[in-house]
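Participant: Encoded as structure tokens, here's the structure I'll be asking about.
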Amino acid sequence: MRSALRLFGVRITPIPGRITGPGASKGRAMRMIKGKIALLGAAAALTLTGLASCGKEKTATPAAEAAAAAAQVDPSAEFLAMADRHARAFLATAPEAATELGVGEDIAGENYLSHLGGYGFAAHQAARKMNEDFLQELRGFDRAALTGQAADTYDVLKNAYDTAARRNQFDFGGATPFGSGLPNSGDSWAMTPYFMTQLTGPHLALPRMLLSQHPIESRAHIEAYLSRLGEMGRALDEAGETFSTDAGIGMAPPRFAIEGVLRSLRNFTAKSAAEHPLATTLAEKMKSVEGISDEERAAFAARAARLVEDEVYPAYERLAAQVELALQETNDDAGVWRLGEEGEAFYQLALASYGAGVKTGDDVHELGLSEVARITGEMDALLKSIGLTQGTVAARMEQLAARPDNLYPNTDEGREALLASLRAQVDAVMAKSGDWFGRLPATKVEVRRIPIHEQDSSPGGYYTGPSLDGSRPGVYWINLKNTADNPKHSLKSLTYHEAVPGHHFQTAYLRSIKDMPLMRNMLGYSEYAEGWGLYAEALAKEMGMYEGDPAGDLGRLQAELFRAARLVVDTGLHHKRWSREQAIDYMVAATGETRDTATREIERYAVVPGQACAYKLGMLKIQELRARAEGELGKDFDIRDFHDAVLTLGDAPLPVLDATIDRWIKSKKA
């Protein structure tokens, strides 16, 4: 039974108002609904006029009129219209996600750049209700009647809504309308059981969004930025409410995660307000805004500093006091099993949602051990070829990493040289990409340093995508706290994964597809995206990027070994009940990574269960599909066409990717 109103075969679904605190207006949503009804009424009138004029003496019966109108409805177009309504409904509650996407007010709501979303009980309940409504409406469609983009989108959305419905049954860690889409905090992981950790949460996502994604191109943008600074107190207080509620029912994160949150909160307020990036970055960006006098810029900068001092800093201090209380409610256990039976059930859902399918924790663990053994054998042979013959593979990789000529100085000059090398690697890949891809991304990718206030809790490198309109580039972020964490031999594989032909190709393809529904641009699947990133590292070897560079090729193998070891330690932590220290020891022994790097990684896996498995599981699936296509197409196989087929699908769960490539193979045969 469909709950939405139907007018001449078209459903009208109310769009929830923005969640920005008590009393938020829903007037715009109702105006949009009324406008759609009016337009549909006009269309209906035209349809009836056309029907009446077709007969000389006859008047169409109501049943005939309804049947004729229904016959003109394209199920695929109707479904895509529904998906668009869902996207707009979500973005009306999540202005941070709308900012990341770079959409206009016509999509995300009037003046959305001035607001922040909700992070308390009401927001999470609204997310649960939104998912229920989305799922109910989707079930009203006949999948067999859909074609093309609508059919793919149905499969993706059904997976997302079903997964979110199962995730939302767990009454901790917040809620989401999507199984692995953009949660309201602006983080990329929806399947974490903890609302705030050393890696995720509004305490990190909000300043990151303001500093790197909020546009400063006009006076209105500046006022919107200041408005958001003023709302941060409310948003962080709501986050504290959610975090404290979870801790109170025994669902607090592990001790090291809470300590990581506290470090971030305290580091955030270490500088004077006038020196904080939230104030200084605005002052710098305003220099390029035309039509504003120097006096006005100074006044805006002063307002920003006052807001940081009077609103933002006190909110971080209040949040720190709440988080510190949770230390009394936690322990040192790292695995999600620490949350009891619910934690164990959560892990099985998380593992499946990140690409394991029906594989159990034991299955994934054994797969990881097998891959570790295979890759270690290849590395042993390559190490011997460059004269490193004594000791374990991990020990010899440590020797390679410690060579003075393999390190950039841990100075400002050394950091600049490292950044320059990454930019050169990006340029070199792009020069060869035309032979391996049918189309290249129109948007650029930039290499930037991770902000200093984030580097203690950030990974070695990551990527953020371009805006939908291409006005903001993709960014490859690198952690430069200690250059020894990024020896030269390791940097190529990181570049190929995070930038090109990895995440930048994958994300830029997605956001440039003309008929790609907005909802699909909002969803992300780690097993697809990270699987592609790891596949891209191996593809770079085929492209000749490691030619004459055995140390770089060892870096590639070490990176793949790292992802294989993740299968072992993630299932070890969450399924086999390993301790944090046991997992760190295994990672160091198996991969040769520094203990600091391994510690950061293990602490990440502990708070985002299952996600670390997505890399290897996704890579193996893409390689399996490529081998299938090569075997079935023979001499007609074109690697450029295959890559385009994978990337133009856009982020999708692995079963959808599998079915898509099967259809592509059949079409090539035909």
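Note on naming: chains are A, B, ... as they come in the structure tokens, residues start from 1 per chain, ligands start from 1 in the order shown.
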If you run DSSP on this backbone, which residues of range 383-459 of chain A come out as alpha helix (DSSP H), and could you give them as a ChimeraX atom specification?
Facilitator: /A:383-385,393-402,412-432
Participant: If you keep C-alpha atoms, can you produce a file of those selected residues as a PDB file, in the first residue's frame?
Facilitator:
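Dumped to again-v2.pdb:
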ATOM      1  CA  LEU A 383      63.401  -7.624  -1.644  1.00  0.00           C
ATOM      2  CA  LYS A 384      66.020 -10.210  -2.497  1.00  0.00           C
ATOM      3  CA  SER A 385      66.337  -8.711  -5.984  1.00  0.00           C
ATOM      4  CA  VAL A 393      59.833  -9.369   5.106  1.00  0.00           C
ATOM      5  CA  ALA A 394      58.525  -6.935   7.705  1.00  0.00           C
ATOM      6  CA  ALA A 395      62.000  -6.404   9.154  1.00  0.00           C
ATOM      7  CA  ARG A 396      63.480  -5.781   5.711  1.00  0.00           C
ATOM      8  CA  MET A 397      60.703  -3.310   4.883  1.00  0.00           C
ATOM      9  CA  GLU A 398      61.555  -1.494   8.104  1.00  0.00           C
ATOM     10  CA  GLN A 399      65.164  -1.319   6.924  1.00  0.00           C
ATOM     11  CA  LEU A 400      64.029   0.115   3.603  1.00  0.00           C
ATOM     12  CA  ALA A 401      61.769   2.655   5.296  1.00  0.00           C
ATOM     13  CA  ALA A 402      64.565   3.836   7.603  1.00  0.00           C
ATOM     14  CA  ASP A 412      59.003  22.751   6.479  1.00  0.00           C
ATOM     15  CA  GLU A 413      61.325  22.389   3.483  1.00  0.00           C
ATOM     16  CA  GLY A 414      61.060  18.622   3.590  1.00  0.00           C
ATOM     17  CA  ARG A 415      57.282  18.798   3.742  1.00  0.00           C
ATOM     18  CA  GLU A 416      57.171  21.100   0.720  1.00  0.00           C
ATOM     19  CA  ALA A 417      59.426  18.699  -1.213  1.00  0.00           C
ATOM     20  CA  LEU A 418      57.116  15.812  -0.322  1.00  0.00           C
ATOM     21  CA  LEU A 419      54.081  17.742  -1.559  1.00  0.00           C
ATOM     22  CA  ALA A 420      55.902  18.567  -4.806  1.00  0.00           C
ATOM     23  CA  SER A 421      56.659  14.870  -5.380  1.00  0.00           C
ATOM     24  CA  LEU A 422      52.981  13.980  -4.987  1.00  0.00           C
ATOM     25  CA  ARG A 423      51.957  16.613  -7.518  1.00  0.00           C
ATOM     26  CA  ALA A 424      54.509  15.244  -9.985  1.00  0.00           C
ATOM     27  CA  GLN A 425      53.099  11.733  -9.521  1.00  0.00           C
ATOM     28  CA  VAL A 426      49.583  12.994 -10.304  1.00  0.00           C
ATOM     29  CA  ASP A 427      50.823  14.656 -13.501  1.00  0.00           C
ATOM     30  CA  ALA A 428      52.667  11.494 -14.611  1.00  0.00           C
ATOM     31  CA  VAL A 429      49.590   9.291 -14.235  1.00  0.00           C
ATOM     32  CA  MET A 430      47.363  11.744 -16.072  1.00  0.00           C
ATOM     33  CA  ALA A 431      49.769  11.728 -19.025  1.00  0.00           C
ATOM     34  CA  LYS A 432      49.155   7.974 -19.520  1.00  0.00           C
TER      35      LYS A 432
END
Participant: Between CA of Lys666 in chain A and CA of Gly355 in chain A, what distance in Å does the model show, to one decimal?
Facilitator: 24.4 Å
Participant: Which residues are close to Phe637 in chain A, i.e. within 10 Å by only C-alpha atoms, leaving aside same-chain residues fewer than 5 positions away? Reply as a PyMOL selection string.
Facilitator: chain A and resi 626+629-632+642+665+668-669
Participant: Those residues you just picked out, can you put them in a file as a tab-separated table (two decimals), in the first residue's frame with C-alpha atoms?
Facilitator:
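Saved as again_0.tsv:
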chain	number	residue	atom	x	y	z
A	626	ARG	CA	37.61	-8.10	-15.15
A	629	ALA	CA	34.97	-10.11	-18.98
A	630	GLU	CA	38.37	-10.92	-20.49
A	631	GLY	CA	37.52	-14.61	-20.57
A	632	GLU	CA	34.12	-14.15	-22.19
A	642	PHE	CA	35.64	-2.07	-18.93
A	665	ILE	CA	29.43	-8.34	-21.18
A	668	LYS	CA	29.38	-6.41	-25.97
A	669	LYS	CA	28.74	-9.92	-27.21
Participant: Sort by chain and increasing residue number a table of all residues of range 113-216 of chain A within 10 Å of range 77-81 of chain A, each with its closest pair of atoms and their distance in Å to one decimal, counting only C-alpha atoms, and write it as a tab-separated table.
Facilitator:
residue	atom	partner	partner_atom	distance
A:Glu137	CA	A:Phe79	CA	9.7
A:Leu138	CA	A:Phe79	CA	8.2
A:Gly140	CA	A:Phe79	CA	9.8
A:Phe141	CA	A:Phe79	CA	7.5
A:Asp142	CA	A:Phe79	CA	9.7
A:Arg143	CA	A:Phe79	CA	9.7
A:Leu146	CA	A:Phe79	CA	8.0
A:Thr147	CA	A:Ala77	CA	9.5
A:Gln149	CA	A:Leu80	CA	8.2
A:Ala150	CA	A:Leu80	CA	5.9
A:Ala151	CA	A:Phe79	CA	9.0
A:Thr153	CA	A:Leu80	CA	7.9
A:Tyr154	CA	A:Phe79	CA	8.0
Participant: Residues near Pro517 in chain A, anyone? I mean within 12 Å using only C-alpha atoms, not counting same-chain ones fewer than 5 positions away, as a PyMOL selection string.
Facilitator: chain A and resi 76-77+79-88+148-154+156-157+468+510-512+522-523+649-651
Participant: What are the closest atom pairs, with distances in Å to one decimal, for all residues of range 385-471 of chain A lying within 12 Å of range 272-281 of chain A? Consider only C-alpha atoms, order rows by chain and residue number, and present the result as a tab-separated table.
Facilitator:
residue	atom	partner	partner_atom	distance
A:Pro451	CA	A:Pro277	CA	9.2
A:Ile452	CA	A:Pro277	CA	10.0
A:His453	CA	A:Pro277	CA	9.1
A:Glu454	CA	A:Pro277	CA	11.5
Participant: Could those selected residues go to a file with C-alpha atoms, as a PDB file, in the first residue's frame?
Facilitator:
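Below you can see result29.pdb, which holds the result:
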ATOM      1  CA  PRO A 451      45.337  20.840   8.838  1.00  0.00           C
ATOM      2  CA  ILE A 452      47.655  20.756  11.818  1.00  0.00           C
ATOM      3  CA  HIS A 453      44.795  20.688  14.334  1.00  0.00           C
ATOM      4  CA  GLU A 454      43.519  17.436  12.754  1.00  0.00           C
TER       5      GLU A 454
END
Participant: Could you list, as number ranges by chain, every residue within 10 Å of Gln169 in chain A, counting only C-alpha atoms and ignoring same-chain residues fewer than 6 positions away?
Facilitator: A: 128, 175, 342, 346
Participant: Limited to C-alpha atoms, could you put the picked residues into a file as a short mmCIF file (atom, residue, chain, number, x, y, z; two decimals), in the first residue's frame?
Facilitator:
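Contents of out-v3.cif, freshly written:
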data_model
loop_
_atom_site.label_atom_id
_atom_site.label_comp_id
_atom_site.auth_asym_id
_atom_site.auth_seq_id
_atom_site.Cartn_x
_atom_site.Cartn_y
_atom_site.Cartn_z
CA ARG A 128 14.62 6.83 11.35
CA ALA A 175 20.59 6.95 13.02
CA GLU A 342 23.89 -6.17 20.16
CA PHE A 346 26.04 -5.07 14.70
#
Participant: Restricting the calculation to only C-alpha atoms: of A:Val289, A:Ala551, A:Ala350, A:Met519, which residue gets closest to Thr192 in chain A?
Facilitator: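 Nearest to Thr192 in chain A: A:Ala350.
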Participant: Could you jot down the CA of Ala564 in chain A to CA of Thr599 in chain A separation for me, Å, one decimal place?
Facilitator: 16.7 Å
Participant: Write out as a VMD selection string the residues lying within 10 Å of range 235-249 of chain A, counting only C-alpha atoms and excluding same-chain residues fewer than 2 positions away.
Facilitator: chain A and resid 20 to 21 116 to 124 171 to 174 185 193 to 197 201 to 203 206 228 230 to 233 251 to 253 312 315 to 316 318 to 323 325 to 330
Participant: As a list in words, please: the residues near Leu654 in chain A (cut-off 9 Å, only C-alpha atoms, same-chain neighbours under 2 positions excluded).
Facilitator: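 So, after excluding close chain neighbours, the residues are Tyr354, Gly355, Gly357, Tyr525, Glu527, Tyr528, Gly618, Lys621, Ile622, Ala652, Val656, Leu657, Asp658 and Ala659 of chain A.
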Participant: Find the nearest atom pair between each residue of range 404-465 of chain A and range 479-501 of chain A for residues within 6 Å, count only C-alpha atoms, give distances in Å to one decimal, sort rows by chain and ascending number, and present the table as a Markdown table.
Facilitator:
| residue | atom | partner | partner_atom | distance |
| --- | --- | --- | --- | --- |
| A:Asn406 | CA | A:Lys488 | CA | 5.2 |
| A:Leu407 | CA | A:Pro487 | CA | 5.0 |
| A:Asn410 | CA | A:Thr483 | CA | 5.3 |
| A:Ile450 | CA | A:Asn479 | CA | 5.3 |
| A:Gly460 | CA | A:Asn479 | CA | 4.9 |
| A:Gly461 | CA | A:Asn479 | CA | 5.8 |
| A:Tyr462 | CA | A:Glu498 | CA | 5.9 |
| A:Tyr463 | CA | A:Glu498 | CA | 5.6 |
Participant: I'd like the interatomic distance between CA of Asp155 in chain A and CA of Arg139 in chain A, to a tenth of an Å.
Facilitator: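 Pair CA of Asp155 in chain A / CA of Arg139 in chain A returns 11.4 Å.
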Participant: When DSSP is applied to the backbone of this structure, which of range 422-621 of chain A are assigned strand (DSSP E or B)? Write them out as a list in words.
Facilitator: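 Checking each residue of range 422-621 of chain A, the strand (DSSP E or B) ones are Val445, Glu446, Val447, Arg448, Arg449, Gly461, Tyr462, Tyr463, Thr464, Gly474, Val475, Tyr476, Trp477, Ile478 and Leu523 of chain A.
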Participant: Next, write the just-selected residues to a file, as a tab-separated table (two decimals), in the first residue's frame, keeping N, CA and C atoms as the atom set.
Facilitator:
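Heads up, here's the output in selection.tsv:
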chain	number	residue	atom	x	y	z
A	445	VAL	N	42.44	17.70	-9.49
A	445	VAL	CA	42.67	17.26	-8.13
A	445	VAL	C	43.87	18.03	-7.59
A	446	GLU	N	43.74	18.55	-6.36
A	446	GLU	CA	44.82	19.29	-5.72
A	446	GLU	C	45.40	18.47	-4.58
A	447	VAL	N	46.68	18.70	-4.29
A	447	VAL	CA	47.35	18.04	-3.17
A	447	VAL	C	47.51	19.07	-2.06
A	448	ARG	N	47.00	18.74	-0.87
A	448	ARG	CA	47.07	19.68	0.25
A	448	ARG	C	47.47	18.95	1.53
A	449	ARG	N	48.03	19.69	2.45
A	449	ARG	CA	48.39	19.15	3.77
A	449	ARG	C	47.15	19.09	4.66
A	461	GLY	N	46.62	9.69	4.73
A	461	GLY	CA	46.15	10.46	3.60
A	461	GLY	C	44.71	10.11	3.30
A	462	TYR	N	43.97	11.05	2.72
A	462	TYR	CA	42.60	10.76	2.31
A	462	TYR	C	42.20	11.74	1.21
A	463	TYR	N	41.00	11.56	0.66
A	463	TYR	CA	40.53	12.35	-0.48
A	463	TYR	C	39.14	12.89	-0.20
A	464	THR	N	38.90	14.14	-0.62
A	464	THR	CA	37.55	14.70	-0.61
A	464	THR	C	37.21	15.10	-2.04
A	474	GLY	N	38.68	18.28	-6.54
A	474	GLY	CA	38.94	17.21	-5.59
A	474	GLY	C	40.23	17.52	-4.85
A	475	VAL	N	40.37	17.01	-3.63
A	475	VAL	CA	41.57	17.29	-2.83
A	475	VAL	C	42.13	15.98	-2.28
A	476	TYR	N	43.42	15.79	-2.50
A	476	TYR	CA	44.18	14.67	-1.95
A	476	TYR	C	44.94	15.23	-0.76
A	477	TRP	N	44.53	14.81	0.46
A	477	TRP	CA	45.09	15.32	1.70
A	477	TRP	C	46.19	14.38	2.19
A	478	ILE	N	47.29	14.95	2.68
A	478	ILE	CA	48.41	14.14	3.17
A	478	ILE	C	48.77	14.60	4.59
A	523	LEU	N	25.20	8.92	-2.06
A	523	LEU	CA	25.48	7.64	-1.44
A	523	LEU	C	26.91	7.21	-1.69
Participant: Between A:Ser667, A:Thr269, A:Ser114, A:Thr176, which residue has the minimum interatomic distance to Leu226 in chain A, considering only C-alpha atoms?
Facilitator: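 Nearest candidate to Leu226 in chain A out of A:Ser667, A:Thr269, A:Ser114, A:Thr176: A:Ser114.
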